[in-house]
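Asker: Pasting a structure here, questions to come.
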Amino acid sequence: MSFSKDSKQKLTAVAAVVIVALLGLNAFLIYNNMQHKETNEALSVKLDEAKLLEAEIEKQYYDALTELEAMKGKEENLNELIDQQKQELLDQKKKLSRLIRTDKDLKAARNQLAELNVQMEQYVADITTLKEENAMLTEANAQLTEQKTMLEGDLSKERIMNDELTTAKATLMSEKENLQDVNANLSNKVEIASVIKVNNVTAQGYKEKASGKRKKRSSAKNVDYVQVCFDVTANEVTPHGLEQFFVRIINPLGETLAIEDLGSGITTNSKTGEEIRYTKIKELEYNNEAQQACFLWDPNVPFSKGNYEVEVFNKGYIAGAGTFSLK
């Protein structure tokens, strides 16, 4: 079969294009194969580095555990601290392993490994400091124990002396209490003896007229105010000076007439200790002589019918009493 010249030229051109395409494909395959090879080599290097790093972490972790365990002793507080530090190291180790195996971040893992080394050195320094401090405390405790023994000996001697002093003091206190009781009894007797008795305790109702004059009245509805009088007796035991007489006016219902704005208040019965309400205080200068004392009770309220009682107290003791009636 014969080809024309044009056919041969076309065939030659096609063959040339095919050859060029095959050469390009071959070059691409060669280049792609080289890229995969480099990637595989890089992955292999990185995998080897990760294994080495993880082995280094394991070594440092177990070296740290060994060093920490060796520092344990009899001190419970140190042992607890060491156990806590061991747990923290384990947590850090797990975190590093996760960075290597899962995150594939070798740079971050190396940085944290360096931090772990620093942390371990700090742990050791802290424990060493604590051990030194404990040793100093142990020595100080030994000295204190020796001092305590000496002090206990001195204390025993002082205790014997104190027991003797306590016995003597108890005797003196007993004698003092007896004297106080005697003095209290004497003071009580003196106080009772100094109470100024009063006689002739009387009360009279009055009606005041428009002219200002007053007249005696015995009817409750006509009484504006009551005048209370009593005779103070002579008492040589009572010293000169101001004396107070607390007067109670008790109405037919048994109630003490009292208005605070008019001077009423509360005092104490020295004999019973009971608080008692009084109507008014009458004060006078006492010179050991008999004299009469009077005061007005003008409550500006109606009086009730019936029998009234009047009690006079001096120094908390009843000094005299009387009655009066209003019709």
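Labels for the structure tokens follow display order: chains A, B, ..., residues from 1 in each chain, ligands from 1.
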Please identify which residues in range 108-325 of chain A DSSP calls alpha helix (DSSP H) from the backbone, and express them as a ChimeraX atom specification.
Answerer: /A:108-193
Asker: Taking only C-alpha atoms into account, which of A:Thr272, A:Asn200, A:Val223, A:Ile57 comes nearest Asn111 in chain A?
Answerer: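 Smallest separation from Asn111 in chain A among the options: A:Ile57.
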Asker: CA of Ser211 in chain A to CA of Val301 in chain A: how many Å, to one decimal?
Answerer: 20.8 Å
Asker: Within range 54-229 of chain A, find each residue whose DSSP state, derived from the backbone, is strand (DSSP E or B), and express the selection as a PDB file with N, CA and C atoms, in the first residue's frame.
Answerer:
ATOM      1  N   VAL A 198     -42.175  56.605 162.882  1.00  0.00           N
ATOM      2  CA  VAL A 198     -43.134  57.706 162.823  1.00  0.00           C
ATOM      3  C   VAL A 198     -44.411  57.293 163.553  1.00  0.00           C
ATOM      4  N   ASN A 199     -45.041  58.278 164.187  1.00  0.00           N
ATOM      5  CA  ASN A 199     -46.282  58.050 164.919  1.00  0.00           C
ATOM      6  C   ASN A 199     -47.362  58.972 164.371  1.00  0.00           C
ATOM      7  N   ASN A 200     -48.585  58.682 164.827  1.00  0.00           N
ATOM      8  CA  ASN A 200     -49.720  59.547 164.495  1.00  0.00           C
ATOM      9  C   ASN A 200     -49.825  59.821 162.988  1.00  0.00           C
ATOM     10  N   VAL A 201     -49.805  58.745 162.190  1.00  0.00           N
ATOM     11  CA  VAL A 201     -49.961  58.887 160.739  1.00  0.00           C
ATOM     12  C   VAL A 201     -51.434  59.166 160.452  1.00  0.00           C
ATOM     13  N   THR A 202     -51.713  60.377 159.957  1.00  0.00           N
ATOM     14  CA  THR A 202     -53.097  60.785 159.707  1.00  0.00           C
ATOM     15  C   THR A 202     -53.227  61.343 158.300  1.00  0.00           C
ATOM     16  N   ALA A 203     -54.474  61.389 157.808  1.00  0.00           N
ATOM     17  CA  ALA A 203     -54.763  61.985 156.508  1.00  0.00           C
ATOM     18  C   ALA A 203     -56.116  62.665 156.583  1.00  0.00           C
ATOM     19  N   GLN A 204     -56.225  63.862 156.007  1.00  0.00           N
ATOM     20  CA  GLN A 204     -57.461  64.635 156.046  1.00  0.00           C
ATOM     21  C   GLN A 204     -57.791  65.122 154.641  1.00  0.00           C
ATOM     22  N   GLY A 205     -59.087  64.947 154.257  1.00  0.00           N
ATOM     23  CA  GLY A 205     -59.535  65.438 152.972  1.00  0.00           C
ATOM     24  C   GLY A 205     -59.907  66.910 153.046  1.00  0.00           C
ATOM     25  N   TYR A 206     -59.677  67.653 151.934  1.00  0.00           N
ATOM     26  CA  TYR A 206     -59.981  69.084 151.896  1.00  0.00           C
ATOM     27  C   TYR A 206     -60.677  69.429 150.585  1.00  0.00           C
ATOM     28  N   LYS A 207     -61.513  70.465 150.694  1.00  0.00           N
ATOM     29  CA  LYS A 207     -62.191  71.057 149.542  1.00  0.00           C
ATOM     30  C   LYS A 207     -61.732  72.506 149.443  1.00  0.00           C
ATOM     31  N   GLU A 208     -61.237  72.889 148.290  1.00  0.00           N
ATOM     32  CA  GLU A 208     -60.767  74.259 148.115  1.00  0.00           C
ATOM     33  C   GLU A 208     -61.848  75.064 147.408  1.00  0.00           C
ATOM     34  N   ARG A 214     -59.642  76.715 152.150  1.00  0.00           N
ATOM     35  CA  ARG A 214     -59.912  75.282 152.108  1.00  0.00           C
ATOM     36  C   ARG A 214     -60.659  74.868 153.357  1.00  0.00           C
ATOM     37  N   LYS A 215     -61.462  73.825 153.202  1.00  0.00           N
ATOM     38  CA  LYS A 215     -62.231  73.320 154.332  1.00  0.00           C
ATOM     39  C   LYS A 215     -62.127  71.804 154.367  1.00  0.00           C
ATOM     40  N   LYS A 216     -62.146  71.288 155.594  1.00  0.00           N
ATOM     41  CA  LYS A 216     -62.077  69.850 155.776  1.00  0.00           C
ATOM     42  C   LYS A 216     -63.344  69.195 155.234  1.00  0.00           C
ATOM     43  N   ARG A 217     -63.159  68.093 154.561  1.00  0.00           N
ATOM     44  CA  ARG A 217     -64.283  67.329 154.037  1.00  0.00           C
ATOM     45  C   ARG A 217     -63.985  65.832 154.216  1.00  0.00           C
ATOM     46  N   TYR A 225     -58.233  67.244 147.520  1.00  0.00           N
ATOM     47  CA  TYR A 225     -56.910  66.695 147.810  1.00  0.00           C
ATOM     48  C   TYR A 225     -56.863  66.234 149.253  1.00  0.00           C
ATOM     49  N   VAL A 226     -55.817  65.492 149.572  1.00  0.00           N
ATOM     50  CA  VAL A 226     -55.635  64.926 150.908  1.00  0.00           C
ATOM     51  C   VAL A 226     -54.316  65.424 151.468  1.00  0.00           C
ATOM     52  N   GLN A 227     -54.339  65.809 152.748  1.00  0.00           N
ATOM     53  CA  GLN A 227     -53.100  66.178 153.440  1.00  0.00           C
ATOM     54  C   GLN A 227     -52.723  65.033 154.376  1.00  0.00           C
ATOM     55  N   VAL A 228     -51.490  64.524 154.211  1.00  0.00           N
ATOM     56  CA  VAL A 228     -50.972  63.436 155.039  1.00  0.00           C
ATOM     57  C   VAL A 228     -49.942  64.034 155.993  1.00  0.00           C
ATOM     58  N   CYS A 229     -50.064  63.714 157.268  1.00  0.00           N
ATOM     59  CA  CYS A 229     -49.107  64.178 158.280  1.00  0.00           C
ATOM     60  C   CYS A 229     -48.661  62.995 159.143  1.00  0.00           C
TER      61      CYS A 229
END
Asker: I want to know what sits within 8 Å of Ala319 in chain A, based on only C-alpha atoms, with residues of the same chain fewer than 3 positions away left out; could you give that as JSON, numbers by chain?
Answerer: {"A": [195, 196, 197, 198, 311, 312, 313, 314]}
Asker: Could you work out how far CA of Leu257 in chain A lies from CA of Tyr286 in chain A, giving the answer in Å with one decimal?
Answerer: 26.7 Å
Asker: Between A:Ile82, A:Ile249, A:Leu155, A:Ala108, which has the minimum distance to Ala125 in chain A (counting only C-alpha atoms)?
Answerer: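 Looking at the shortest contact to Ala125 in chain A, the residue is A:Ile82.
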Asker: Within 12 Å of Glu67 in chain A, counting only C-alpha atoms, which residues qualify if same-chain residues fewer than 4 places away don't, as a list in words?
Answerer: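 That gives Gln60, Tyr61, Tyr62, Asp63, Met71, Lys72, Ile82, Gln85, Lys86, Met120, Glu121, Tyr123, Val124, Ala125, Ile127 and Thr128 of chain A.
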Asker: Write the residues of the preceding selection, restricted to C-alpha atoms, as a short mmCIF file (atom, residue, chain, number, x, y, z; two decimals), in the first residue's frame.
Answerer:
data_model
loop_
_atom_site.label_atom_id
_atom_site.label_comp_id
_atom_site.auth_asym_id
_atom_site.auth_seq_id
_atom_site.Cartn_x
_atom_site.Cartn_y
_atom_site.Cartn_z
CA GLN A 60 11.22 11.68 82.42
CA TYR A 61 7.88 10.77 83.99
CA TYR A 62 9.21 7.59 85.62
CA ASP A 63 12.44 9.33 86.66
CA MET A 71 11.69 11.77 99.09
CA LYS A 72 8.87 10.22 101.11
CA ILE A 82 4.18 14.13 97.12
CA GLN A 85 2.39 16.07 92.86
CA LYS A 86 2.57 12.54 91.42
CA MET A 120 9.32 18.87 88.44
CA GLU A 121 12.34 20.89 89.54
CA TYR A 123 8.34 20.21 93.13
CA VAL A 124 11.71 18.89 94.27
CA ALA A 125 12.77 22.34 95.52
CA ILE A 127 9.76 19.34 99.07
CA THR A 128 13.42 19.91 99.95
#
Asker: Mind checking which residues fall within 12 Å of Lys327 in chain A, counting only C-alpha atoms, ignoring those fewer than 4 positions away in the same chain, and posting them as a list in words?
Answerer: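 Using only C-alpha atoms, the neighbours found are Gly205, Arg217, Ser218, Ser219, Ala220, Lys221, Asn222, Val223, Pro252, Phe303, Ser304, Lys305, Gly306, Asn307 and Tyr308 of chain A.
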Asker: Keeping only C-alpha atoms, take the residues you just selected and write them out as an mmCIF file, in the first residue's frame.
Answerer:
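Once everything was written out, this is again.cif:
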data_model
loop_
_atom_site.group_PDB
_atom_site.id
_atom_site.type_symbol
_atom_site.label_atom_id
_atom_site.label_comp_id
_atom_site.auth_asym_id
_atom_site.auth_seq_id
_atom_site.Cartn_x
_atom_site.Cartn_y
_atom_site.Cartn_z
ATOM 1 C CA GLY A 205 -59.535 65.438 152.972
ATOM 2 C CA ARG A 217 -64.283 67.329 154.037
ATOM 3 C CA SER A 218 -64.906 63.620 154.601
ATOM 4 C CA SER A 219 -67.138 62.932 151.601
ATOM 5 C CA ALA A 220 -65.206 61.518 148.634
ATOM 6 C CA LYS A 221 -67.118 63.577 146.062
ATOM 7 C CA ASN A 222 -66.256 66.824 147.923
ATOM 8 C CA VAL A 223 -62.559 66.097 148.435
ATOM 9 C CA PRO A 252 -60.072 50.837 149.095
ATOM 10 C CA PHE A 303 -61.321 59.992 145.171
ATOM 11 C CA SER A 304 -63.212 56.746 145.830
ATOM 12 C CA LYS A 305 -65.372 56.024 148.837
ATOM 13 C CA GLY A 306 -64.046 53.648 151.455
ATOM 14 C CA ASN A 307 -61.163 52.980 153.801
ATOM 15 C CA TYR A 308 -57.638 54.068 152.887
#
Asker: Name the residues in contact with range 132-145 of chain A at a cut-off of 12 Å, using only C-alpha atoms, excluding same-chain residues fewer than 3 positions from it; report them as a VMD selection string.
Answerer: chain A and resid 73 to 78 125 to 129 148 to 152
Asker: Please indicate the distance in Å from CA of Leu284 in chain A to CA of Pro299 in chain A, rounded to one decimal place.
Answerer: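 Spanning CA of Leu284 in chain A to CA of Pro299 in chain A is a straight-line distance of 22.3 Å.
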